[in-house]
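Participant: File follows, entry11.cif with mmCIF, N, CA and C atoms:
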data_data
loop_
_atom_site.label_atom_id
_atom_site.label_comp_id
_atom_site.auth_asym_id
_atom_site.auth_seq_id
_atom_site.Cartn_x
_atom_site.Cartn_y
_atom_site.Cartn_z
N MET A 1 0.84 -1.18 0.00
CA MET A 1 0.00 0.00 0.00
C MET A 1 0.89 1.25 0.00
N THR A 2 0.54 2.22 -0.82
CA THR A 2 1.33 3.46 -0.88
C THR A 2 0.96 4.36 0.29
N ASN A 3 1.82 5.34 0.54
CA ASN A 3 1.53 6.30 1.59
C ASN A 3 0.28 7.10 1.29
N LEU A 4 0.04 7.42 0.01
CA LEU A 4 -1.17 8.14 -0.36
C LEU A 4 -2.39 7.28 -0.08
N ALA A 5 -2.33 6.02 -0.41
CA ALA A 5 -3.45 5.11 -0.13
C ALA A 5 -3.69 5.02 1.38
N SER A 6 -2.62 4.98 2.17
CA SER A 6 -2.76 4.94 3.63
C SER A 6 -3.45 6.21 4.13
N PHE A 7 -3.06 7.35 3.58
CA PHE A 7 -3.68 8.61 3.97
C PHE A 7 -5.16 8.59 3.65
N VAL A 8 -5.52 8.20 2.45
CA VAL A 8 -6.92 8.21 2.01
C VAL A 8 -7.73 7.20 2.82
N GLU A 9 -7.20 6.01 3.03
CA GLU A 9 -7.94 4.99 3.78
C GLU A 9 -8.20 5.40 5.22
N ALA A 10 -7.36 6.23 5.78
CA ALA A 10 -7.53 6.66 7.17
C ALA A 10 -8.55 7.79 7.32
N LEU A 11 -9.03 8.35 6.22
CA LEU A 11 -9.99 9.45 6.29
C LEU A 11 -11.34 8.95 6.79
N PRO A 12 -11.97 9.68 7.70
CA PRO A 12 -13.35 9.35 8.07
C PRO A 12 -14.25 9.48 6.83
N GLN A 13 -15.28 8.70 6.77
CA GLN A 13 -16.17 8.67 5.61
C GLN A 13 -16.69 10.07 5.24
N ALA A 14 -17.04 10.87 6.24
CA ALA A 14 -17.59 12.21 5.96
C ALA A 14 -16.56 13.15 5.34
N ARG A 15 -15.28 12.84 5.48
CA ARG A 15 -14.23 13.70 4.93
C ARG A 15 -13.69 13.20 3.60
N MET A 16 -14.02 11.98 3.24
CA MET A 16 -13.43 11.37 2.05
C MET A 16 -13.65 12.22 0.79
N ALA A 17 -14.88 12.51 0.45
CA ALA A 17 -15.18 13.25 -0.78
C ALA A 17 -14.57 14.66 -0.76
N PRO A 18 -14.73 15.44 0.33
CA PRO A 18 -14.13 16.79 0.32
C PRO A 18 -12.61 16.77 0.20
N VAL A 19 -11.94 15.86 0.89
CA VAL A 19 -10.47 15.82 0.82
C VAL A 19 -10.03 15.37 -0.57
N LEU A 20 -10.69 14.38 -1.14
CA LEU A 20 -10.33 13.96 -2.49
C LEU A 20 -10.58 15.08 -3.50
N ALA A 21 -11.65 15.86 -3.31
CA ALA A 21 -11.91 17.00 -4.19
C ALA A 21 -10.82 18.06 -4.03
N LEU A 22 -10.35 18.28 -2.80
CA LEU A 22 -9.27 19.23 -2.56
C LEU A 22 -7.99 18.77 -3.25
N LEU A 23 -7.66 17.50 -3.12
CA LEU A 23 -6.46 16.98 -3.78
C LEU A 23 -6.58 17.10 -5.29
N ASP A 24 -7.77 16.84 -5.82
CA ASP A 24 -7.99 16.98 -7.26
C ASP A 24 -7.81 18.44 -7.69
N ALA A 25 -8.33 19.37 -6.89
CA ALA A 25 -8.17 20.80 -7.21
C ALA A 25 -6.69 21.20 -7.20
N LEU A 26 -5.94 20.69 -6.24
CA LEU A 26 -4.51 20.97 -6.21
C LEU A 26 -3.83 20.43 -7.46
N ARG A 27 -4.14 19.21 -7.83
CA ARG A 27 -3.53 18.59 -9.02
C ARG A 27 -3.87 19.36 -10.29
N ARG A 28 -5.09 19.88 -10.37
CA ARG A 28 -5.53 20.56 -11.59
C ARG A 28 -5.11 22.03 -11.64
N HIS A 29 -4.97 22.68 -10.48
CA HIS A 29 -4.78 24.13 -10.48
C HIS A 29 -3.38 24.60 -10.08
N LEU A 30 -2.59 23.78 -9.42
CA LEU A 30 -1.22 24.21 -9.16
C LEU A 30 -0.46 24.28 -10.48
N PRO A 31 0.33 25.29 -10.68
CA PRO A 31 1.14 25.36 -11.90
C PRO A 31 2.09 24.15 -12.00
N GLU A 32 2.47 23.85 -13.21
CA GLU A 32 3.36 22.72 -13.46
C GLU A 32 4.69 22.89 -12.72
N GLY A 33 5.20 21.80 -12.20
CA GLY A 33 6.50 21.80 -11.54
C GLY A 33 6.46 21.33 -10.11
N PHE A 34 5.32 21.49 -9.45
CA PHE A 34 5.21 20.98 -8.08
C PHE A 34 5.09 19.47 -8.13
N GLN A 35 5.59 18.82 -7.11
CA GLN A 35 5.57 17.36 -7.05
C GLN A 35 4.74 16.92 -5.85
N GLU A 36 3.88 15.94 -6.07
CA GLU A 36 3.01 15.41 -5.02
C GLU A 36 3.64 14.18 -4.39
N HIS A 37 3.57 14.10 -3.07
CA HIS A 37 3.96 12.88 -2.36
C HIS A 37 3.25 12.86 -1.01
N SER A 38 3.26 11.71 -0.38
CA SER A 38 2.61 11.57 0.91
C SER A 38 3.50 10.79 1.86
N ASP A 39 3.43 11.15 3.12
CA ASP A 39 4.14 10.39 4.15
C ASP A 39 3.17 9.50 4.93
N GLY A 40 1.93 9.41 4.46
CA GLY A 40 0.91 8.61 5.13
C GLY A 40 0.08 9.43 6.10
N ARG A 41 0.64 10.52 6.62
CA ARG A 41 -0.10 11.38 7.54
C ARG A 41 -0.64 12.62 6.84
N MET A 42 0.08 13.05 5.80
CA MET A 42 -0.29 14.25 5.04
C MET A 42 0.05 14.03 3.58
N VAL A 43 -0.56 14.85 2.73
CA VAL A 43 -0.20 14.88 1.31
C VAL A 43 0.49 16.21 1.09
N HIS A 44 1.64 16.17 0.44
CA HIS A 44 2.46 17.36 0.25
C HIS A 44 2.64 17.66 -1.24
N PHE A 45 2.69 18.93 -1.55
CA PHE A 45 3.04 19.41 -2.88
C PHE A 45 4.27 20.29 -2.67
N THR A 46 5.39 19.88 -3.25
CA THR A 46 6.68 20.50 -2.99
C THR A 46 7.36 20.90 -4.29
N VAL A 47 8.40 21.72 -4.14
CA VAL A 47 9.29 22.03 -5.26
C VAL A 47 10.41 20.99 -5.18
N PRO A 48 10.51 20.12 -6.17
CA PRO A 48 11.51 19.05 -6.09
C PRO A 48 12.94 19.58 -6.22
N HIS A 49 13.88 18.76 -5.78
CA HIS A 49 15.29 19.12 -5.87
C HIS A 49 15.73 19.37 -7.32
N SER A 50 15.06 18.76 -8.28
CA SER A 50 15.43 18.98 -9.68
C SER A 50 15.20 20.43 -10.10
N ILE A 51 14.29 21.13 -9.43
CA ILE A 51 14.03 22.54 -9.70
C ILE A 51 14.76 23.44 -8.70
N TYR A 52 14.79 23.01 -7.44
CA TYR A 52 15.43 23.81 -6.39
C TYR A 52 16.37 22.89 -5.59
N PRO A 53 17.58 22.71 -6.09
CA PRO A 53 18.53 21.77 -5.47
C PRO A 53 18.86 22.07 -4.00
N ALA A 54 18.74 23.32 -3.58
CA ALA A 54 19.08 23.68 -2.20
C ALA A 54 18.14 23.03 -1.19
N GLY A 55 16.92 22.70 -1.61
CA GLY A 55 15.96 22.08 -0.70
C GLY A 55 15.50 23.03 0.39
N TYR A 56 14.87 22.45 1.39
CA TYR A 56 14.29 23.19 2.50
C TYR A 56 15.38 23.58 3.48
N HIS A 57 15.43 24.84 3.90
CA HIS A 57 16.53 25.32 4.75
C HIS A 57 16.60 24.58 6.10
N CYS A 58 15.47 24.10 6.61
CA CYS A 58 15.49 23.37 7.89
C CYS A 58 16.12 21.99 7.74
N ASN A 59 15.99 21.41 6.56
CA ASN A 59 16.62 20.13 6.25
C ASN A 59 16.80 20.07 4.74
N PRO A 60 17.97 20.43 4.23
CA PRO A 60 18.20 20.50 2.78
C PRO A 60 17.98 19.17 2.04
N LYS A 61 17.89 18.05 2.77
CA LYS A 61 17.59 16.77 2.12
C LYS A 61 16.12 16.71 1.69
N ASP A 62 15.28 17.54 2.30
CA ASP A 62 13.86 17.59 1.96
C ASP A 62 13.62 18.57 0.82
N PRO A 63 12.66 18.26 -0.06
CA PRO A 63 12.29 19.24 -1.08
C PRO A 63 11.63 20.45 -0.42
N LEU A 64 11.56 21.54 -1.13
CA LEU A 64 10.99 22.78 -0.61
C LEU A 64 9.47 22.63 -0.47
N PRO A 65 8.94 22.69 0.76
CA PRO A 65 7.49 22.52 0.94
C PRO A 65 6.72 23.73 0.42
N PHE A 66 5.51 23.47 -0.07
CA PHE A 66 4.65 24.55 -0.53
C PHE A 66 3.24 24.41 0.03
N VAL A 67 2.55 23.32 -0.29
CA VAL A 67 1.19 23.08 0.19
C VAL A 67 1.11 21.67 0.75
N SER A 68 0.41 21.53 1.88
CA SER A 68 0.17 20.22 2.46
C SER A 68 -1.28 20.12 2.91
N VAL A 69 -1.79 18.90 2.91
CA VAL A 69 -3.16 18.61 3.35
C VAL A 69 -3.09 17.57 4.45
N ALA A 70 -3.81 17.83 5.54
CA ALA A 70 -3.86 16.89 6.67
C ALA A 70 -5.30 16.71 7.12
N SER A 71 -5.55 15.57 7.71
CA SER A 71 -6.84 15.31 8.35
C SER A 71 -6.53 14.84 9.76
N THR A 72 -6.90 15.66 10.74
CA THR A 72 -6.67 15.33 12.13
C THR A 72 -7.98 14.97 12.79
N LYS A 73 -7.92 14.71 14.06
CA LYS A 73 -9.12 14.31 14.80
C LYS A 73 -10.26 15.33 14.65
N SER A 74 -9.91 16.61 14.68
CA SER A 74 -10.96 17.63 14.73
C SER A 74 -11.14 18.44 13.45
N GLN A 75 -10.27 18.24 12.44
CA GLN A 75 -10.39 19.13 11.27
C GLN A 75 -9.61 18.61 10.07
N ILE A 76 -9.92 19.22 8.94
CA ILE A 76 -9.11 19.09 7.73
C ILE A 76 -8.28 20.36 7.66
N SER A 77 -6.99 20.21 7.42
CA SER A 77 -6.10 21.37 7.39
C SER A 77 -5.41 21.48 6.05
N LEU A 78 -5.36 22.69 5.55
CA LEU A 78 -4.62 23.01 4.33
C LEU A 78 -3.53 23.99 4.72
N TYR A 79 -2.29 23.57 4.53
CA TYR A 79 -1.13 24.41 4.84
C TYR A 79 -0.60 24.98 3.52
N HIS A 80 -0.56 26.30 3.42
CA HIS A 80 -0.10 26.96 2.19
C HIS A 80 1.00 27.94 2.59
N MET A 81 2.23 27.56 2.34
CA MET A 81 3.36 28.38 2.77
C MET A 81 3.40 29.74 2.07
N GLY A 82 2.84 29.83 0.87
CA GLY A 82 2.80 31.11 0.18
C GLY A 82 1.98 32.14 0.94
N LEU A 83 0.91 31.71 1.60
CA LEU A 83 0.09 32.63 2.39
C LEU A 83 0.88 33.15 3.58
N TYR A 84 1.74 32.32 4.13
CA TYR A 84 2.56 32.70 5.28
C TYR A 84 3.65 33.70 4.88
N ALA A 85 4.22 33.50 3.71
CA ALA A 85 5.40 34.27 3.32
C ALA A 85 5.10 35.50 2.45
N ASP A 86 3.93 35.56 1.84
CA ASP A 86 3.63 36.64 0.89
C ASP A 86 2.40 37.42 1.35
N PRO A 87 2.60 38.57 2.00
CA PRO A 87 1.46 39.35 2.50
C PRO A 87 0.47 39.76 1.41
N ASP A 88 0.94 40.01 0.20
CA ASP A 88 0.02 40.39 -0.88
C ASP A 88 -0.88 39.22 -1.26
N LEU A 89 -0.31 38.02 -1.33
CA LEU A 89 -1.11 36.83 -1.62
C LEU A 89 -2.12 36.59 -0.51
N LEU A 90 -1.71 36.72 0.72
CA LEU A 90 -2.61 36.54 1.86
C LEU A 90 -3.75 37.54 1.80
N ASN A 91 -3.44 38.79 1.54
CA ASN A 91 -4.48 39.82 1.47
C ASN A 91 -5.47 39.55 0.35
N ALA A 92 -4.97 39.18 -0.82
CA ALA A 92 -5.86 38.87 -1.95
C ALA A 92 -6.77 37.69 -1.62
N PHE A 93 -6.19 36.66 -0.99
CA PHE A 93 -6.98 35.49 -0.61
C PHE A 93 -8.07 35.88 0.39
N GLN A 94 -7.71 36.64 1.41
CA GLN A 94 -8.69 37.05 2.41
C GLN A 94 -9.80 37.90 1.81
N MET A 95 -9.46 38.72 0.82
CA MET A 95 -10.47 39.55 0.15
C MET A 95 -11.45 38.70 -0.67
N GLU A 96 -10.96 37.60 -1.23
CA GLU A 96 -11.82 36.73 -2.04
C GLU A 96 -12.68 35.81 -1.20
N TRP A 97 -12.28 35.54 0.02
CA TRP A 97 -13.01 34.61 0.88
C TRP A 97 -14.40 35.17 1.16
N ASN A 98 -15.42 34.39 0.90
CA ASN A 98 -16.79 34.82 1.12
C ASN A 98 -17.35 34.05 2.32
N PRO A 99 -17.47 34.71 3.48
CA PRO A 99 -17.94 34.01 4.67
C PRO A 99 -19.37 33.48 4.55
N GLU A 100 -20.19 34.11 3.72
CA GLU A 100 -21.56 33.62 3.55
C GLU A 100 -21.58 32.27 2.86
N GLU A 101 -20.65 32.04 1.94
CA GLU A 101 -20.59 30.77 1.23
C GLU A 101 -19.67 29.77 1.92
N CYS A 102 -18.53 30.25 2.40
CA CYS A 102 -17.47 29.36 2.90
C CYS A 102 -17.41 29.28 4.42
N GLY A 103 -18.16 30.11 5.12
CA GLY A 103 -18.06 30.18 6.57
C GLY A 103 -16.94 31.12 6.98
N ARG A 104 -16.83 31.34 8.27
CA ARG A 104 -15.78 32.21 8.80
C ARG A 104 -14.43 31.60 8.44
N LEU A 105 -13.50 32.44 8.03
CA LEU A 105 -12.15 31.99 7.69
C LEU A 105 -11.42 31.65 8.99
N ASP A 106 -11.14 30.38 9.19
CA ASP A 106 -10.44 29.89 10.38
C ASP A 106 -9.01 29.60 9.94
N MET A 107 -8.10 30.51 10.28
CA MET A 107 -6.77 30.45 9.70
C MET A 107 -5.69 30.82 10.70
N GLY A 108 -4.57 30.10 10.62
CA GLY A 108 -3.36 30.46 11.34
C GLY A 108 -2.42 31.13 10.35
N LYS A 109 -1.12 31.06 10.58
CA LYS A 109 -0.18 31.73 9.69
C LYS A 109 -0.15 31.12 8.30
N SER A 110 -0.15 29.80 8.20
CA SER A 110 -0.18 29.16 6.88
C SER A 110 -1.30 28.14 6.79
N CYS A 111 -2.02 27.93 7.86
CA CYS A 111 -3.00 26.84 7.94
C CYS A 111 -4.43 27.37 7.83
N ILE A 112 -5.18 26.78 6.93
CA ILE A 112 -6.62 27.04 6.84
C ILE A 112 -7.30 25.80 7.39
N ARG A 113 -8.14 25.99 8.41
CA ARG A 113 -8.78 24.86 9.09
C ARG A 113 -10.24 24.75 8.69
N PHE A 114 -10.65 23.52 8.44
CA PHE A 114 -12.04 23.21 8.11
C PHE A 114 -12.54 22.19 9.11
N LYS A 115 -13.35 22.64 10.05
CA LYS A 115 -13.91 21.73 11.06
C LYS A 115 -15.16 21.05 10.54
N ARG A 116 -15.76 21.62 9.51
CA ARG A 116 -16.95 21.02 8.87
C ARG A 116 -16.59 20.74 7.41
N PRO A 117 -16.63 19.48 7.00
CA PRO A 117 -16.23 19.13 5.62
C PRO A 117 -16.98 19.90 4.54
N GLU A 118 -18.24 20.22 4.77
CA GLU A 118 -19.02 20.94 3.76
C GLU A 118 -18.47 22.35 3.54
N ARG A 119 -17.80 22.92 4.52
CA ARG A 119 -17.18 24.24 4.35
C ARG A 119 -16.01 24.15 3.37
N LEU A 120 -15.28 23.06 3.43
CA LEU A 120 -14.19 22.84 2.46
C LEU A 120 -14.75 22.75 1.06
N THR A 121 -15.81 21.99 0.90
CA THR A 121 -16.43 21.85 -0.43
C THR A 121 -16.86 23.21 -0.96
N ALA A 122 -17.46 24.04 -0.11
CA ALA A 122 -17.90 25.37 -0.53
C ALA A 122 -16.73 26.28 -0.89
N ALA A 123 -15.58 26.05 -0.26
CA ALA A 123 -14.41 26.92 -0.47
C ALA A 123 -13.57 26.50 -1.67
N LEU A 124 -13.86 25.39 -2.31
CA LEU A 124 -13.01 24.91 -3.40
C LEU A 124 -12.80 25.93 -4.53
N PRO A 125 -13.81 26.69 -4.94
CA PRO A 125 -13.54 27.68 -6.01
C PRO A 125 -12.50 28.73 -5.61
N VAL A 126 -12.58 29.28 -4.41
CA VAL A 126 -11.61 30.29 -3.99
C VAL A 126 -10.24 29.65 -3.75
N LEU A 127 -10.21 28.42 -3.26
CA LEU A 127 -8.94 27.71 -3.08
C LEU A 127 -8.30 27.41 -4.43
N SER A 128 -9.09 26.99 -5.39
CA SER A 128 -8.55 26.70 -6.73
C SER A 128 -7.91 27.94 -7.32
N SER A 129 -8.55 29.08 -7.14
CA SER A 129 -7.97 30.34 -7.62
C SER A 129 -6.65 30.63 -6.91
N LEU A 130 -6.60 30.39 -5.62
CA LEU A 130 -5.36 30.57 -4.85
C LEU A 130 -4.25 29.68 -5.40
N PHE A 131 -4.56 28.44 -5.68
CA PHE A 131 -3.55 27.49 -6.13
C PHE A 131 -2.89 27.93 -7.44
N GLU A 132 -3.62 28.63 -8.27
CA GLU A 132 -3.11 29.04 -9.59
C GLU A 132 -2.14 30.22 -9.51
N ARG A 133 -2.06 30.89 -8.40
CA ARG A 133 -1.36 32.17 -8.31
C ARG A 133 0.14 32.11 -8.12
N MET A 134 0.69 30.95 -7.81
CA MET A 134 2.12 30.93 -7.50
C MET A 134 2.77 29.70 -8.14
N SER A 135 3.68 29.95 -9.07
CA SER A 135 4.43 28.87 -9.72
C SER A 135 5.58 28.44 -8.81
N PRO A 136 6.23 27.33 -9.11
CA PRO A 136 7.41 26.96 -8.33
C PRO A 136 8.47 28.07 -8.33
N GLU A 137 8.67 28.71 -9.46
CA GLU A 137 9.67 29.78 -9.55
C GLU A 137 9.26 30.98 -8.69
N ASP A 138 7.95 31.32 -8.71
CA ASP A 138 7.46 32.41 -7.85
C ASP A 138 7.69 32.06 -6.39
N TRP A 139 7.36 30.83 -6.01
CA TRP A 139 7.50 30.40 -4.63
C TRP A 139 8.97 30.43 -4.19
N ILE A 140 9.87 30.01 -5.05
CA ILE A 140 11.29 30.04 -4.73
C ILE A 140 11.73 31.48 -4.44
N SER A 141 11.30 32.42 -5.26
CA SER A 141 11.66 33.84 -5.05
C SER A 141 11.12 34.36 -3.73
N VAL A 142 9.86 34.08 -3.45
CA VAL A 142 9.25 34.53 -2.19
C VAL A 142 9.94 33.85 -1.00
N TYR A 143 10.17 32.56 -1.13
CA TYR A 143 10.81 31.78 -0.07
C TYR A 143 12.20 32.34 0.26
N GLU A 144 12.99 32.55 -0.78
CA GLU A 144 14.35 33.05 -0.54
C GLU A 144 14.34 34.44 0.10
N ALA A 145 13.42 35.28 -0.33
CA ALA A 145 13.33 36.62 0.25
C ALA A 145 12.84 36.58 1.71
N ALA A 146 11.91 35.68 2.00
CA ALA A 146 11.31 35.63 3.33
C ALA A 146 12.13 34.83 4.34
N PHE A 147 12.76 33.76 3.90
CA PHE A 147 13.38 32.86 4.85
C PHE A 147 14.90 32.75 4.73
N LYS A 148 15.45 33.16 3.61
CA LYS A 148 16.89 33.00 3.44
C LYS A 148 17.60 34.34 3.29
N GLY A 149 16.79 35.41 3.14
CA GLY A 149 17.36 36.72 2.88
C GLY A 149 17.90 37.31 4.10
#
Translate this structure into structure tokens?
Facilitator:
Amino acid sequence: MTNLASFVEALPQARMAPVLALLDALRRHLPEGFQEHSDGRMVHFTVPHSIYPAGYHCNPKDPLPFVSVASTKSQISLYHMGLYADPDLLNAFQMEWNPEECGRLDMGKSCIRFKRPERLTAALPVLSSLFERMSPEDWISVYEAAFKG
């Protein structure tokens, strides 16, 4: 069994369709160059070493993280490092978020939390738009300025 299969099989039934739809949106809307992999606990979309040989500054053996999806006991979490590192991207995303359709934006520095799976489903259009906004090259530039500069 692959790590991705382990991740999907561990999802509660009520979260299965929304999480699979989120993964599909990531696959369809992230610009070309990001690489998908799973450690069994999360699904990650990273900039591979073939594009950014330096890797992640915390552990250069790891590819540069960009977006991750997790399902914990109490929520579905979407981690988007671009939102953490790029104030303009964060502001644009917050302006597009419609609380009447998507619910209150429950967000940390890079984490968007969905405690109700139907809220994730409602947010897919605005999330898909977010995913399209940053290429691997854009992310590398923002990353280097924010974390290595």
Participant: Using DSSP on the backbone, list every residue of chain A that comes out as alpha helix (DSSP H), and give them as an MDAnalysis selection string.
Facilitator: chainID A and resid 3:9 13:29 81:85 87:96 99:102 117:131 136:143
Participant: Run the PyMOL selection byres (((chain A and resi 36 and name CA) around 9) and name CA) mentally over the shown coordinates, then write out the matched residues as a ChimeraX atom specification, using the chain letters and numbers from the document.
Facilitator: /A:27,34-35,37-38,43-46
Participant: Write out, as a compact mmCIF listing (two decimals), keeping the file's coordinate frame, the residues just selected, with N, CA and C atoms.
Facilitator:
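Output (selection19.txt):
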# COMPACT_ATOMS: atom_id res chain seq x y z
N ARG A 27 -4.14 19.21 -7.83
CA ARG A 27 -3.53 18.59 -9.02
C ARG A 27 -3.87 19.36 -10.29
N PHE A 34 5.32 21.49 -9.45
CA PHE A 34 5.21 20.98 -8.08
C PHE A 34 5.09 19.47 -8.13
N GLN A 35 5.59 18.82 -7.11
CA GLN A 35 5.57 17.36 -7.05
C GLN A 35 4.74 16.92 -5.85
N HIS A 37 3.57 14.10 -3.07
CA HIS A 37 3.96 12.88 -2.36
C HIS A 37 3.25 12.86 -1.01
N SER A 38 3.26 11.71 -0.38
CA SER A 38 2.61 11.57 0.91
C SER A 38 3.50 10.79 1.86
N VAL A 43 -0.56 14.85 2.73
CA VAL A 43 -0.20 14.88 1.31
C VAL A 43 0.49 16.21 1.09
N HIS A 44 1.64 16.17 0.44
CA HIS A 44 2.46 17.36 0.25
C HIS A 44 2.64 17.66 -1.24
N PHE A 45 2.69 18.93 -1.55
CA PHE A 45 3.04 19.41 -2.88
C PHE A 45 4.27 20.29 -2.67
N THR A 46 5.39 19.88 -3.25
CA THR A 46 6.68 20.50 -2.99
C THR A 46 7.36 20.90 -4.29
Participant: Which is closest to Val142 in chain A among A:Leu130, A:Phe114, A:Ala85, A:Arg104, if we use all atoms listed in the file?
Facilitator: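 Distance minimum relative to Val142 in chain A lands on A:Ala85.
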Participant: What is the atom N of Leu124 in chain A to CA of His29 in chain A distance in Å?
Facilitator: 12.3 Å
Participant: Padding of 6 Å on every side, edges along x, y and z, all listed atoms of range 133-148 of chain A included: what centre and edge lengths in Å, to one decimal, does that box have, as JSON?
Facilitator:
{"center_x": 7.8, "center_y": 31.8, "center_z": -2.4, "size_x": 31.7, "size_y": 21.7, "size_z": 26.6}
Participant: Given the choices A:Leu127, A:Ala122, A:Val67, A:Val47, which gets closest to Gly33 in chain A if the distance is worked out from all atoms listed in the file?
Facilitator: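 Nearest to Gly33 in chain A: A:Val47.
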Participant: Which is closer to Gly103 in chain A than all the others in A:Val69, A:Ile76, A:Met16, A:Ala123, using all atoms listed in the file?
Facilitator: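 For Gly103 in chain A, the nearest of the candidates is A:Ala123.
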Participant: Please identify which residues in range 47-80 of chain A DSSP calls strand (DSSP E or B) from the backbone, and express them as a VMD selection string.
Facilitator: chain A and resid 47 56 59 64 to 71 76 to 80
Participant: What's the 7 Å shell around Arg133 in chain A, counting only N, CA and C atoms, without same-chain residues fewer than 5 positions away, as JSON, numbers by chain?
Facilitator: {"A": [29, 30, 31, 128]}
Participant: With only C-alpha atoms as the basis for distance, which of A:Asp86, A:Glu96, A:Glu118, A:Asp39 is at the shortest distance from Ser68 in chain A?
Facilitator: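 Nearest to Ser68 in chain A: A:Asp39.
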